[in-house]
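Chemist: Structure supplied as input09.csv; contents: CSV, C-alpha atoms and all ligand atoms.
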chain,number,residue,atom,x,y,z
A,1,MET,CA,-17.4,-15.6,-4.5
A,2,ILE,CA,-14.2,-15.5,-6.5
A,3,TYR,CA,-12.3,-12.7,-5.0
A,4,LEU,CA,-10.1,-10.7,-7.4
A,5,ASP,CA,-9.9,-7.4,-5.5
A,6,ASN,CA,-6.8,-8.0,-3.4
A,7,ALA,CA,-5.4,-4.7,-4.4
A,8,ALA,CA,-8.2,-3.0,-2.4
A,9,THR,CA,-7.8,-5.4,0.6
A,10,THR,CA,-6.7,-9.0,0.7
A,11,PHE,CA,-9.3,-11.7,1.2
A,12,PRO,CA,-9.4,-14.2,2.7
A,13,LYS,CA,-7.0,-13.7,5.5
A,14,PRO,CA,-4.9,-16.6,6.7
A,15,GLU,CA,-6.8,-18.8,9.2
A,16,GLY,CA,-4.5,-17.7,12.0
A,17,VAL,CA,-5.6,-14.1,11.6
A,18,TYR,CA,-9.2,-15.0,12.4
A,19,SER,CA,-8.4,-17.3,15.3
A,20,ALA,CA,-5.8,-15.1,17.0
A,21,MET,CA,-8.1,-12.0,16.8
A,22,ASP,CA,-11.0,-14.0,18.2
A,23,ARG,CA,-8.9,-15.4,21.1
A,24,PHE,CA,-7.4,-12.0,21.9
A,25,LEU,CA,-10.7,-10.2,21.9
A,26,ARG,CA,-12.1,-12.8,24.3
A,27,THR,CA,-9.1,-13.0,26.7
A,28,SER,CA,-6.6,-10.2,26.6
A,29,CYS,CA,-8.1,-7.2,25.0
A,30,ALA,CA,-6.7,-4.6,27.4
A,31,ASN,CA,-5.1,-1.3,26.7
A,32,PRO,CA,-1.4,-1.8,25.9
A,33,GLY,CA,1.1,0.1,27.9
A,34,ARG,CA,-1.6,1.8,30.0
A,35,SER,CA,-1.8,-0.4,33.1
A,36,GLY,CA,0.4,-3.0,34.9
A,37,HIS,CA,-2.1,-5.9,35.1
A,38,ARG,CA,-1.4,-9.0,33.2
A,39,MET,CA,-4.0,-8.4,30.5
A,40,ALA,CA,-2.4,-5.1,29.7
A,41,VAL,CA,1.0,-6.7,29.7
A,42,GLU,CA,-0.1,-9.3,27.3
A,43,SER,CA,-1.7,-6.7,25.1
A,44,GLN,CA,1.6,-4.7,25.1
A,45,ARG,CA,3.5,-7.9,24.3
A,46,VAL,CA,1.6,-8.6,21.1
A,47,VAL,CA,2.0,-5.0,19.9
A,48,SER,CA,5.8,-5.4,20.4
A,49,GLN,CA,5.8,-8.7,18.6
A,50,CYS,CA,3.9,-7.2,15.7
A,51,ARG,CA,6.3,-4.3,15.6
A,52,GLN,CA,9.2,-6.7,15.5
A,53,ALA,CA,7.6,-8.8,12.8
A,54,VAL,CA,7.0,-5.8,10.6
A,55,ALA,CA,10.5,-4.4,11.2
A,56,GLY,CA,11.9,-7.8,10.1
A,57,LEU,CA,9.7,-8.0,7.0
A,58,LEU,CA,10.3,-4.5,5.8
A,59,GLY,CA,13.9,-4.0,6.9
A,60,ALA,CA,13.4,-1.2,9.4
A,61,PRO,CA,16.6,0.1,10.9
A,62,SER,CA,15.3,-0.5,14.4
A,63,VAL,CA,12.0,-1.9,15.9
A,64,ASP,CA,11.0,1.5,17.4
A,65,ARG,CA,11.1,3.1,13.9
A,66,VAL,CA,7.9,1.1,12.9
A,67,VAL,CA,5.0,3.4,13.7
A,68,PHE,CA,1.5,1.9,13.5
A,69,ALA,CA,-1.3,3.8,11.7
A,70,LEU,CA,-4.9,3.3,10.7
A,71,ASN,CA,-4.0,2.4,7.1
A,72,ALA,CA,-1.5,3.5,4.4
A,73,THR,CA,-3.3,6.8,3.9
A,74,ASP,CA,-2.9,7.7,7.6
A,75,ALA,CA,0.8,6.8,7.4
A,76,ILE,CA,1.3,8.9,4.2
A,77,ASN,CA,-0.4,11.9,5.8
A,78,THR,CA,1.8,11.6,8.8
A,79,ALA,CA,4.9,11.5,6.6
A,80,ILE,CA,3.9,14.3,4.2
A,81,LYS,CA,2.3,16.7,6.7
A,82,GLY,CA,4.9,16.0,9.4
A,83,LEU,CA,7.8,16.9,7.2
A,84,VAL,CA,6.8,19.5,4.6
A,85,ARG,CA,6.5,23.2,5.3
A,86,PRO,CA,5.4,26.2,3.3
A,87,GLY,CA,8.2,27.2,1.0
A,88,ASP,CA,9.4,23.6,0.6
A,89,HIS,CA,9.5,21.8,-2.7
A,90,VAL,CA,8.2,18.3,-3.2
A,91,VAL,CA,8.7,15.9,-6.2
A,92,SER,CA,6.0,13.4,-6.9
A,93,THR,CA,4.7,11.5,-9.9
A,94,LEU,CA,1.6,11.3,-12.1
A,95,MET,CA,1.1,7.7,-11.1
A,96,GLU,CA,0.1,8.5,-7.4
A,97,HIS,CA,-2.9,7.2,-5.6
A,98,ASN,CA,-5.0,10.0,-4.0
A,99,ALA,CA,-3.4,9.0,-0.6
A,100,VAL,CA,-0.4,10.9,-1.8
A,101,ALA,CA,-2.0,13.3,-4.4
A,102,ARG,CA,-4.6,14.8,-2.0
A,103,PRO,CA,-2.3,15.7,0.9
A,104,LEU,CA,0.0,17.3,-1.6
A,105,LYS,CA,-2.8,19.2,-3.2
A,106,ARG,CA,-3.7,20.6,0.2
A,107,LEU,CA,-0.1,21.6,0.8
A,108,GLU,CA,0.1,23.3,-2.6
A,109,ALA,CA,-2.7,25.6,-1.4
A,110,GLU,CA,-0.5,26.4,1.7
A,111,GLY,CA,2.6,27.5,-0.2
A,112,VAL,CA,4.4,24.2,-1.0
A,113,GLU,CA,5.5,23.8,-4.6
A,114,VAL,CA,5.1,20.3,-6.1
A,115,THR,CA,6.6,19.0,-9.3
A,116,TYR,CA,4.8,16.0,-10.8
A,117,VAL,CA,7.0,13.8,-12.9
A,118,PRO,CA,5.1,12.3,-15.9
A,119,ALA,CA,4.8,8.6,-16.7
A,120,SER,CA,4.7,6.7,-20.0
A,121,ALA,CA,1.4,5.4,-21.3
A,122,LYS,CA,2.3,2.1,-19.6
A,123,GLY,CA,2.6,3.9,-16.3
A,124,GLU,CA,6.4,3.8,-16.1
A,125,VAL,CA,8.1,6.8,-14.4
A,126,ARG,CA,11.8,7.3,-15.3
A,127,ALA,CA,14.3,7.6,-12.4
A,128,ALA,CA,16.2,10.2,-14.4
A,129,ASP,CA,13.1,12.4,-14.6
A,130,VAL,CA,12.6,12.2,-10.8
A,131,ILE,CA,16.2,13.0,-10.2
A,132,GLY,CA,16.2,15.8,-12.7
A,133,ALA,CA,13.3,17.4,-10.8
A,134,LEU,CA,15.3,17.7,-7.6
A,135,ARG,CA,16.2,21.1,-6.4
A,136,PRO,CA,18.3,22.4,-3.4
A,137,GLU,CA,15.1,23.2,-1.6
A,138,THR,CA,13.4,19.8,-2.3
A,139,ARG,CA,12.3,18.5,1.0
A,140,LEU,CA,10.6,15.3,-0.1
A,141,VAL,CA,10.2,12.9,-3.0
A,142,ALA,CA,6.9,11.1,-2.6
A,143,MET,CA,6.4,8.2,-5.0
A,144,ILE,CA,4.4,5.0,-5.4
A,145,HIS,CA,6.2,1.7,-5.4
A,146,ALA,CA,3.7,-0.3,-7.5
A,147,SER,CA,0.8,1.2,-9.3
A,148,ASN,CA,-2.6,0.0,-7.9
A,149,VAL,CA,-4.0,0.5,-11.5
A,150,ALA,CA,-1.5,-1.1,-13.8
A,151,GLY,CA,0.9,-2.8,-11.4
A,152,THR,CA,3.9,-0.9,-12.8
A,153,LEU,CA,6.9,-1.0,-10.4
A,154,GLN,CA,8.6,2.3,-10.2
A,155,PRO,CA,12.4,2.7,-9.9
A,156,VAL,CA,12.6,3.7,-6.2
A,157,GLU,CA,16.1,2.2,-5.7
A,158,GLU,CA,17.6,4.3,-8.5
A,159,VAL,CA,15.9,7.4,-7.0
A,160,ALA,CA,17.1,6.5,-3.5
A,161,ALA,CA,20.7,6.2,-4.7
A,162,VAL,CA,20.6,9.9,-5.3
A,163,THR,CA,18.3,11.2,-2.6
A,164,ARG,CA,20.3,9.4,0.1
A,165,CYS,CA,23.2,11.8,-0.8
A,166,ARG,CA,21.0,14.9,-0.8
A,167,ASP,CA,18.8,16.7,1.8
A,168,ALA,CA,15.6,15.4,0.1
A,169,LEU,CA,13.9,12.5,1.9
A,170,LEU,CA,12.3,9.7,-0.1
A,171,LEU,CA,8.8,8.6,0.9
A,172,VAL,CA,7.7,5.4,-0.8
A,173,ASP,CA,4.0,4.4,-0.9
A,174,ALA,CA,4.3,0.6,-0.6
A,175,ALA,CA,0.6,0.0,-0.2
A,176,GLN,CA,0.6,-2.4,-3.1
A,177,THR,CA,4.0,-4.0,-2.4
A,178,ALA,CA,4.7,-4.6,1.3
A,179,GLY,CA,4.3,-8.3,1.8
A,180,ALA,CA,3.8,-9.0,-1.9
A,181,VAL,CA,7.1,-7.7,-3.4
A,182,PRO,CA,10.5,-7.7,-1.6
A,183,VAL,CA,11.0,-4.4,0.1
A,184,HIS,CA,13.9,-3.5,2.5
A,185,ILE,CA,13.9,0.1,3.6
A,186,ALA,CA,17.4,0.1,4.9
A,187,ASP,CA,19.0,-1.7,1.9
A,188,MET,CA,17.0,0.2,-0.6
A,189,GLY,CA,17.9,3.6,0.9
A,190,ILE,CA,14.2,4.6,1.5
A,191,ASP,CA,13.6,7.2,4.2
A,192,LEU,CA,9.9,6.6,4.9
A,193,LEU,CA,7.8,3.7,3.8
A,194,ALA,CA,4.1,3.6,4.2
A,195,PHE,CA,2.3,0.2,4.2
A,196,ALA,CA,-1.3,-1.0,4.3
A,197,GLY,CA,-1.5,-3.8,6.9
A,198,HIS,CA,-4.7,-5.0,5.4
A,199,LYS,CA,-3.3,-5.7,1.9
A,200,GLY,CA,-0.1,-7.7,1.2
A,201,THR,CA,0.7,-8.2,4.9
A,202,LEU,CA,-2.7,-9.9,5.2
A,203,GLY,CA,-3.9,-8.2,8.4
A,204,PRO,CA,-7.4,-6.8,9.0
A,205,PRO,CA,-8.7,-3.4,7.9
A,206,GLY,CA,-7.7,-0.6,10.2
A,207,THR,CA,-4.0,-1.6,10.2
A,208,GLY,CA,-1.1,0.0,8.5
A,209,GLY,CA,2.0,2.0,9.3
A,210,LEU,CA,5.0,4.1,8.5
A,211,VAL,CA,8.5,2.7,8.7
A,212,LEU,CA,11.1,5.4,9.3
A,213,GLY,CA,14.7,5.4,8.1
A,214,MET,CA,17.4,7.0,10.3
A,215,ARG,CA,17.1,10.4,8.5
A,216,ALA,CA,13.3,10.8,8.8
A,217,ASP,CA,11.9,12.6,11.8
A,218,PRO,CA,8.3,13.8,11.1
A,219,ARG,CA,6.4,16.0,13.5
A,220,PRO,CA,3.3,14.3,15.0
A,221,LEU,CA,0.0,15.2,13.6
A,222,ARG,CA,-1.7,14.1,16.8
A,223,GLU,CA,-0.7,14.5,20.4
A,224,GLY,CA,-2.3,12.8,23.4
A,225,GLY,CA,-2.0,9.8,25.7
A,226,THR,CA,0.7,7.3,25.0
A,227,GLY,CA,0.9,5.4,28.4
A,228,THR,CA,4.4,6.8,28.8
A,229,ARG,CA,5.6,10.0,30.6
A,230,SER,CA,2.2,10.5,32.1
A,231,GLU,CA,3.5,13.2,34.5
A,232,SER,CA,4.0,15.6,31.6
A,233,VAL,CA,1.6,17.4,29.3
A,234,GLU,CA,4.3,17.5,26.7
A,235,HIS,CA,3.9,14.8,24.1
A,236,PRO,CA,6.9,12.4,24.3
A,237,ASP,CA,9.6,12.8,21.7
A,238,GLU,CA,10.6,9.1,21.6
A,239,LEU,CA,9.6,6.8,18.8
A,240,PRO,CA,7.2,5.1,18.3
A,241,GLU,CA,5.1,6.9,20.9
A,242,ARG,CA,5.8,10.3,19.3
A,243,LEU,CA,3.7,9.3,16.3
A,244,GLU,CA,1.2,6.9,18.1
A,245,ALA,CA,-1.1,9.0,20.3
A,246,GLY,CA,-4.2,7.3,21.7
A,247,THR,CA,-5.4,3.7,22.2
A,248,MET,CA,-4.0,1.5,19.4
A,249,ASN,CA,-6.0,-1.0,17.3
A,250,VAL,CA,-4.5,-3.8,19.3
A,251,SER,CA,-6.9,-6.5,18.0
A,252,GLY,CA,-6.0,-5.4,14.5
A,253,LEU,CA,-2.3,-5.7,15.3
A,254,VAL,CA,-2.9,-9.2,16.7
A,255,GLY,CA,-4.3,-10.1,13.2
A,256,LEU,CA,-1.5,-8.2,11.4
A,257,LEU,CA,1.1,-10.2,13.4
A,258,GLU,CA,-0.5,-13.4,12.2
A,259,GLY,CA,-0.7,-12.1,8.6
A,260,VAL,CA,3.0,-11.1,8.6
A,261,ARG,CA,3.9,-14.5,10.1
A,262,HIS,CA,2.0,-16.2,7.2
A,263,VAL,CA,3.8,-14.0,4.7
A,264,MET,CA,7.2,-14.9,6.2
A,265,GLU,CA,6.4,-18.6,6.2
A,266,ARG,CA,5.5,-18.6,2.6
A,267,SER,CA,8.1,-16.0,1.8
A,268,VAL,CA,7.5,-12.7,0.0
A,269,GLU,CA,9.2,-14.1,-3.1
A,270,GLY,CA,6.9,-17.2,-3.0
A,271,ILE,CA,3.8,-15.0,-2.8
A,272,ARG,CA,5.1,-12.8,-5.5
A,273,GLU,CA,5.7,-15.7,-7.8
A,274,HIS,CA,2.2,-17.0,-7.1
A,275,GLU,CA,0.5,-13.7,-7.7
A,276,LEU,CA,2.5,-12.9,-10.9
A,277,ALA,CA,1.6,-16.4,-12.3
A,278,ALA,CA,-2.1,-15.7,-11.6
A,279,ALA,CA,-1.9,-12.2,-13.1
A,280,GLN,CA,0.0,-13.4,-16.1
A,281,ALA,CA,-2.6,-16.2,-16.7
A,282,ILE,CA,-5.4,-13.7,-16.4
A,283,GLU,CA,-3.7,-11.4,-18.9
A,284,GLN,CA,-2.9,-14.2,-21.4
A,285,GLY,CA,-6.5,-15.3,-21.2
A,286,LEU,CA,-8.0,-11.8,-21.6
A,287,ALA,CA,-5.6,-11.1,-24.5
A,288,ARG,CA,-7.5,-13.7,-26.5
A,289,VAL,CA,-10.9,-12.2,-25.8
A,290,PRO,CA,-12.2,-10.0,-28.6
A,291,GLY,CA,-12.7,-6.4,-27.6
A,292,VAL,CA,-10.4,-6.6,-24.5
A,293,THR,CA,-7.7,-3.9,-24.2
A,294,LEU,CA,-5.0,-4.5,-21.5
A,295,HIS,CA,-3.4,-1.5,-19.8
A,296,GLY,CA,0.0,-1.2,-18.3
A,297,PRO,CA,3.3,-2.9,-19.0
A,298,ARG,CA,3.3,-6.4,-20.7
A,299,ARG,CA,6.6,-7.5,-19.0
A,300,PHE,CA,6.1,-9.1,-15.7
A,301,VAL,CA,9.6,-8.3,-14.3
A,302,ARG,CA,8.7,-4.8,-13.2
A,303,ARG,CA,5.1,-5.6,-12.3
A,304,ALA,CA,3.0,-6.3,-9.3
A,305,GLY,CA,0.1,-8.7,-9.7
A,306,VAL,CA,-2.5,-6.2,-10.9
A,307,VAL,CA,-4.3,-6.5,-14.2
A,308,SER,CA,-6.3,-3.6,-15.7
A,309,PHE,CA,-8.4,-4.0,-18.8
A,310,SER,CA,-11.3,-2.4,-20.8
A,311,LEU,CA,-14.0,-4.1,-22.8
A,312,GLU,CA,-15.0,-2.4,-26.0
A,313,ASN,CA,-18.4,-0.7,-25.9
A,314,MET,CA,-18.9,-1.4,-22.2
A,315,ASP,CA,-18.5,0.8,-19.2
A,316,PRO,CA,-16.1,-0.8,-16.7
A,317,ARG,CA,-18.8,-0.4,-14.0
A,318,ASP,CA,-21.2,-2.5,-16.0
A,319,VAL,CA,-18.5,-5.2,-16.7
A,320,ALA,CA,-17.8,-5.4,-12.9
A,321,ALA,CA,-21.5,-5.5,-12.1
A,322,VAL,CA,-22.1,-8.4,-14.4
A,323,LEU,CA,-19.0,-10.2,-13.1
A,324,ASP,CA,-20.4,-9.8,-9.6
A,325,THR,CA,-24.0,-10.5,-10.1
A,326,SER,CA,-23.9,-13.2,-12.8
A,327,PHE,CA,-20.6,-14.9,-12.2
A,328,GLY,CA,-19.8,-14.2,-8.5
A,329,ILE,CA,-16.5,-12.6,-9.3
A,330,ALA,CA,-15.3,-9.6,-7.3
A,331,THR,CA,-13.3,-7.0,-9.2
A,332,ARG,CA,-13.0,-3.2,-9.0
A,333,PRO,CA,-14.0,-0.9,-11.8
A,334,GLY,CA,-13.5,2.8,-12.3
A,335,LEU,CA,-10.6,5.1,-11.3
A,336,HIS,CA,-9.3,3.2,-8.2
A,337,CYS,CA,-8.7,6.4,-6.3
A,338,ALA,CA,-6.0,7.2,-8.7
A,339,PRO,CA,-7.2,9.8,-11.3
A,340,LEU,CA,-3.6,10.9,-12.1
A,341,ALA,CA,-2.6,7.3,-13.0
A,342,HIS,CA,-5.6,6.9,-15.2
A,343,GLN,CA,-4.8,10.2,-17.0
A,344,SER,CA,-1.2,8.8,-17.6
A,345,LEU,CA,-2.5,5.5,-18.9
A,346,GLY,CA,-5.1,7.3,-21.1
A,347,THR,CA,-8.0,5.6,-19.3
A,348,TYR,CA,-9.5,8.7,-17.7
A,349,PRO,CA,-12.3,9.4,-16.9
A,350,VAL,CA,-14.1,6.0,-17.3
A,351,GLY,CA,-11.2,4.0,-15.8
A,352,THR,CA,-10.8,0.2,-16.2
A,353,VAL,CA,-11.8,-3.1,-14.7
A,354,ARG,CA,-9.1,-4.3,-12.3
A,355,MET,CA,-8.5,-7.9,-11.4
A,356,SER,CA,-6.0,-8.3,-8.6
A,357,PRO,CA,-5.2,-11.9,-7.6
A,358,GLY,CA,-3.8,-12.6,-4.1
A,359,PRO,CA,-2.0,-15.3,-2.2
A,360,PHE,CA,-5.0,-17.6,-2.2
A,361,THR,CA,-6.1,-17.2,-5.8
A,362,THR,CA,-6.3,-20.6,-7.6
A,363,GLU,CA,-6.0,-21.6,-11.2
A,364,ALA,CA,-9.7,-22.4,-11.2
A,365,ASP,CA,-10.4,-18.8,-10.1
A,366,VAL,CA,-8.3,-17.5,-13.0
A,367,ARG,CA,-10.0,-19.7,-15.5
A,368,ALA,CA,-13.5,-18.7,-14.3
A,369,ALA,CA,-12.6,-15.0,-14.5
A,370,VAL,CA,-11.3,-15.3,-18.0
A,371,ASP,CA,-14.3,-17.4,-19.2
A,372,ALA,CA,-16.7,-14.9,-17.6
A,373,VAL,CA,-15.1,-11.9,-19.4
A,374,ALA,CA,-15.2,-14.0,-22.7
A,375,ALA,CA,-18.9,-14.7,-22.1
A,376,ILE,CA,-19.7,-11.0,-21.4
A,377,ALA,CA,-17.7,-10.0,-24.5
A,378,GLY,CA,-19.6,-12.6,-26.6
A,379,ALA,CA,-22.9,-11.2,-25.4
A,380,VAL,CA,-22.1,-7.5,-26.1
B,401,LIG,C1,-1.0,2.6,-4.0
B,401,LIG,C2,-1.9,2.9,-2.9
B,401,LIG,N1,-1.6,3.8,-2.0
B,401,LIG,C3,-2.4,4.1,-1.0
B,401,LIG,C4,-3.5,3.4,-0.8
B,401,LIG,C5,-4.4,3.7,0.4
B,401,LIG,O1,-4.3,2.6,1.3
B,401,LIG,P1,-5.3,2.5,2.6
B,401,LIG,O2,-6.6,2.2,2.0
B,401,LIG,O3,-4.7,1.5,3.4
B,401,LIG,O4,-5.3,3.9,3.2
B,401,LIG,C6,-3.9,2.4,-1.7
B,401,LIG,C7,-5.2,1.6,-1.5
B,401,LIG,O5,-5.7,1.1,-2.4
B,401,LIG,C8,-3.1,2.1,-2.8
B,401,LIG,O6,-3.4,1.2,-3.7
Output the file's structure in the form of structure tokens.
Ligand SMILES: Cc1ncc(COP(=O)(O)O)c(C=O)c1O

Modeler:
Amino acid sequence: MIYLDNAATTFPKPEGVYSAMDRFLRTSCANPGRSGHRMAVESQRVVSQCRQAVAGLLGAPSVDRVVFALNATDAINTAIKGLVRPGDHVVSTLMEHNAVARPLKRLEAEGVEVTYVPASAKGEVRAADVIGALRPETRLVAMIHASNVAGTLQPVEEVAAVTRCRDALLLVDAAQTAGAVPVHIADMGIDLLAFAGHKGTLGPPGTGGLVLGMRADPRPLREGGTGTRSESVEHPDELPERLEAGTMNVSGLVGLLEGVRHVMERSVEGIREHELAAAQAIEQGLARVPGVTLHGPRRFVRRAGVVSFSLENMDPRDVAAVLDTSFGIATRPGLHCAPLAHQSLGTYPVGTVRMSPGPFTTEADVRAAVDAVAAIAGAV
């Protein structure tokens, strides 16, 4: 199988992810922070190491401001629902994934006002439009860093330069960028950054998290056991326990630690270069195939390694099905959980076919993918 669906979850994982998880599950898989025996201590140690590694990778202001979650969606829900109250105003964009759009939709029904900043037909949101939508009562700006449909990188730093001087907090959905595009929460002035541990940071499914800047203090959505302050029925106020109730996905975090180590060894810049080269080669190849329309920006400076295209007279689902069954190539068709983004790009409701290379994509994979699309186009 040639895997070009890394925007959904990265595959394969680095070898160290598989071996560390296997070893951990067989030898030390105890509940971290819950008991004093050596297996529990070892379990706690790897959670702390993972927190430290993520803090370093993403520029967290301190290690305890890295809060682990089930995935990016869980982290985004914690941020949005933990901060926004009825009567508040939120600014978001028409490029968001449903991980942001759906929680906001619910809050709108509960008395929160949301302004959605439009995007160009290439998926670009202008910083000036986001800044212009701010009001005195704006509590949160929630915006995507790179589009999972078109790869467009949004101007979060320009927005942060303004929000950092206002009461509004900036939440960045870095599901497509953490580990694949340089991100530094402290330097960039981001208040909350949600990441998917199973994508660019190369961990297993079931991992992700929220990194909090010094101004961000969301209420917990869940209360329960933390292994700390067991004498009290009050949920602890300290981070990260405040936002991490219940037994953690320790084996997942063992894998995430190895994934982050792999990213650090290769460097985020090195991985970005690799993925952009692959994406660019895919685009250049597809651009020569009759009947192909490419979506999103052409320039690779403000792009993540995601390529979206349509093939004339063919439903994207059929294209992806033939790529899968006849050529052994994994892609993702349709709306990619991002109907707003597809409306902005003009590809709603059928969507597109998305090819998303990853750190292990080879030139041969790229050639095979382009040849396969050319063969399908030739047969239409
Ligand atoms: C931009 C973006 N945000 C959020 C998510 C949700 O991530 P997760 O599946 O980890 O919840 C995704 C997943 O594809 C995404 O691409």

Chemist: Could you give me the centre and size, in Å to one decimal, of an axis-aligned box around all listed atoms of ligand LIG 401 (chain B) with 8 Å added on every side, as AutoDock Vina command-line options?

Modeler:
--center_x -3.8 --center_y 2.6 --center_z -0.3 --size_x 21.6 --size_y 19.0 --size_z 23.4

Chemist: Go through chain A and flag each residue having an atom no more than 6 Å from ligand LIG 401 (chain B); for those, report the closest pair of atoms plus their distance in Å to one decimal, using all atoms listed in the file, ordered by chain and rising number, as a tab-separated table.

Modeler:
residue	atom	partner	partner_atom	distance
A:Ala8	CA	B:LIG401	O5	4.8
A:Asn71	CA	B:LIG401	O3	3.9
A:Ala72	CA	B:LIG401	O3	3.9
A:Thr73	CA	B:LIG401	O4	3.6
A:His97	CA	B:LIG401	N1	5.1
A:Ala99	CA	B:LIG401	C3	5.0
A:Ser147	CA	B:LIG401	C1	5.8
A:Asn148	CA	B:LIG401	O6	4.4
A:Asp173	CA	B:LIG401	N1	5.7
A:Ala175	CA	B:LIG401	C2	4.7
A:Gln176	CA	B:LIG401	C1	5.3
A:Ala196	CA	B:LIG401	O3	4.3

Chemist: Got time to write the residues from that selection, C-alpha atoms, as a PDB file, in the frame of the given file?

Modeler:
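What ended up in part_14.pdb:
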ATOM      1  CA  ALA A   8      -8.200  -3.000  -2.400  1.00  0.00           C
ATOM      2  CA  ASN A  71      -4.000   2.400   7.100  1.00  0.00           C
ATOM      3  CA  ALA A  72      -1.500   3.500   4.400  1.00  0.00           C
ATOM      4  CA  THR A  73      -3.300   6.800   3.900  1.00  0.00           C
ATOM      5  CA  HIS A  97      -2.900   7.200  -5.600  1.00  0.00           C
ATOM      6  CA  ALA A  99      -3.400   9.000  -0.600  1.00  0.00           C
ATOM      7  CA  SER A 147       0.800   1.200  -9.300  1.00  0.00           C
ATOM      8  CA  ASN A 148      -2.600   0.000  -7.900  1.00  0.00           C
ATOM      9  CA  ASP A 173       4.000   4.400  -0.900  1.00  0.00           C
ATOM     10  CA  ALA A 175       0.600   0.000  -0.200  1.00  0.00           C
ATOM     11  CA  GLN A 176       0.600  -2.400  -3.100  1.00  0.00           C
ATOM     12  CA  ALA A 196      -1.300  -1.000   4.300  1.00  0.00           C
TER      13      ALA A 196
END

Chemist: Kindly give the distance, in Å, that separates atom CA of Asp167 of chain A and atom CA of Pro136 of chain A, rounded to a single decimal.

Modeler: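 Atom-to-atom, atom CA of Asp167 of chain A and atom CA of Pro136 of chain A are spaced 7.7 Å apart.
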
Chemist: Write out as an MDAnalysis selection string which residues come within 7 Å of Leu83 of chain A when counting all atoms listed in the file, dropping same-chain ones fewer than 2 positions away.

Modeler: chainID A and resid 79:81 85 218:219

Chemist: Would you save the residues from that selection as an mmCIF file, keeping the file's coordinate frame, using C-alpha atoms?

Modeler:
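selection-v4.cif written:
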data_model
loop_
_atom_site.group_PDB
_atom_site.id
_atom_site.type_symbol
_atom_site.label_atom_id
_atom_site.label_comp_id
_atom_site.auth_asym_id
_atom_site.auth_seq_id
_atom_site.Cartn_x
_atom_site.Cartn_y
_atom_site.Cartn_z
ATOM 1 C CA ALA A 79 4.900 11.500 6.600
ATOM 2 C CA ILE A 80 3.900 14.300 4.200
ATOM 3 C CA LYS A 81 2.300 16.700 6.700
ATOM 4 C CA ARG A 85 6.500 23.200 5.300
ATOM 5 C CA PRO A 218 8.300 13.800 11.100
ATOM 6 C CA ARG A 219 6.400 16.000 13.500
#

Chemist: Excluding Arg367 of chain A and its own-chain neighbours fewer than 4 positions away, which residues fall within 9 Å of it when counting all atoms listed in the file? Please give them as a list of chain:residue names.

Modeler: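 These residues fall inside the cut-off: A:Ala281, A:Ile282, A:Gly285, A:Thr362, A:Glu363, A:Asp371, A:Ala372.
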
Chemist: Pick from A:Ile185, A:Leu140, A:Ala304, A:Leu107: nearest to Ser356 of chain A, with only C-alpha atoms counted?

Modeler: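 Using only C-alpha atoms, the shortest distance to Ser356 of chain A belongs to A:Ala304.
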
Chemist: May I ask for the distance between atom CA of Leu253 of chain A and atom CA of Val46 of chain A, given in Å to one decimal place?

Modeler: 7.6 Å

Chemist: Return the single residue from A:Pro32, A:Gly255, A:Pro297, A:Gly208 that is closest to Ala75 of chain A, with distances computed using all atoms listed in the file.

Modeler: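 Counting all atoms listed in the file, the residue closest to Ala75 of chain A is A:Gly208.
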
Chemist: Given the choices A:Thr152, A:Thr352, A:Ser48, A:Thr201, which gets closest to Ala121 of chain A if the distance is worked out from all atoms listed in the file?

Modeler: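 Using all atoms listed in the file, the shortest distance to Ala121 of chain A belongs to A:Thr152.
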
Chemist: Would you please work out which residue, of A:Ala338, A:Met314, A:Val250, A:Ala178, is nearest to Ala40 of chain A when using all atoms listed in the file?

Modeler: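 The shortest atom-to-atom distance to Ala40 of chain A comes from A:Val250.
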
Chemist: Need to verify the contact set: His89 of chain A, 8 Å, all atoms listed in the file, exclusion of same-chain residues closer than 4 positions in sequence. Can you return it as an MDAnalysis selection string?

Modeler: chainID A and resid 112:115 135 137:140

Chemist: Write the residues you've just listed into a file as a CSV table (one decimal), keeping the file's coordinate frame, and include C-alpha atoms for each of them.

Modeler:
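Output file again12.csv follows:
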chain,number,residue,atom,x,y,z
A,112,VAL,CA,4.4,24.2,-1.0
A,113,GLU,CA,5.5,23.8,-4.6
A,114,VAL,CA,5.1,20.3,-6.1
A,115,THR,CA,6.6,19.0,-9.3
A,135,ARG,CA,16.2,21.1,-6.4
A,137,GLU,CA,15.1,23.2,-1.6
A,138,THR,CA,13.4,19.8,-2.3
A,139,ARG,CA,12.3,18.5,1.0
A,140,LEU,CA,10.6,15.3,-0.1

Chemist: Work out how far atom CA of Val301 of chain A is from atom CA of Val125 of chain A, in Å to one decimal.

Modeler: 15.2 Å

Chemist: With distances taken over all atoms listed in the file, which residue among A:Leu171, A:Val159, A:Met95, A:Ala279 lies nearest Phe300 of chain A?

Modeler: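 Closest to Phe300 of chain A of all the choices is A:Ala279.
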
Chemist: Counting all atoms listed in the file, which residues of segment 210-310 of chain A fall within 12 Å of segment 319-332 of chain A, and what is the closest atom pair for each with its distance in Å at one decimal, ordered by chain and rising number, as a tab-separated table?

Modeler:
residue	atom	partner	partner_atom	distance
A:Val292	CA	A:Val319	CA	11.3
A:Val306	CA	A:Thr331	CA	11.0
A:Val307	CA	A:Thr331	CA	10.3
A:Ser308	CA	A:Arg332	CA	9.5
A:Phe309	CA	A:Val319	CA	10.4
A:Ser310	CA	A:Val319	CA	8.7

Chemist: Kindly indicate which residue among A:Glu110, A:Glu158, A:Asp187, A:Asp129 lies nearest to Ser92 of chain A, using only C-alpha atoms for the distances.

Modeler: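 Distance minimum relative to Ser92 of chain A lands on A:Asp129.
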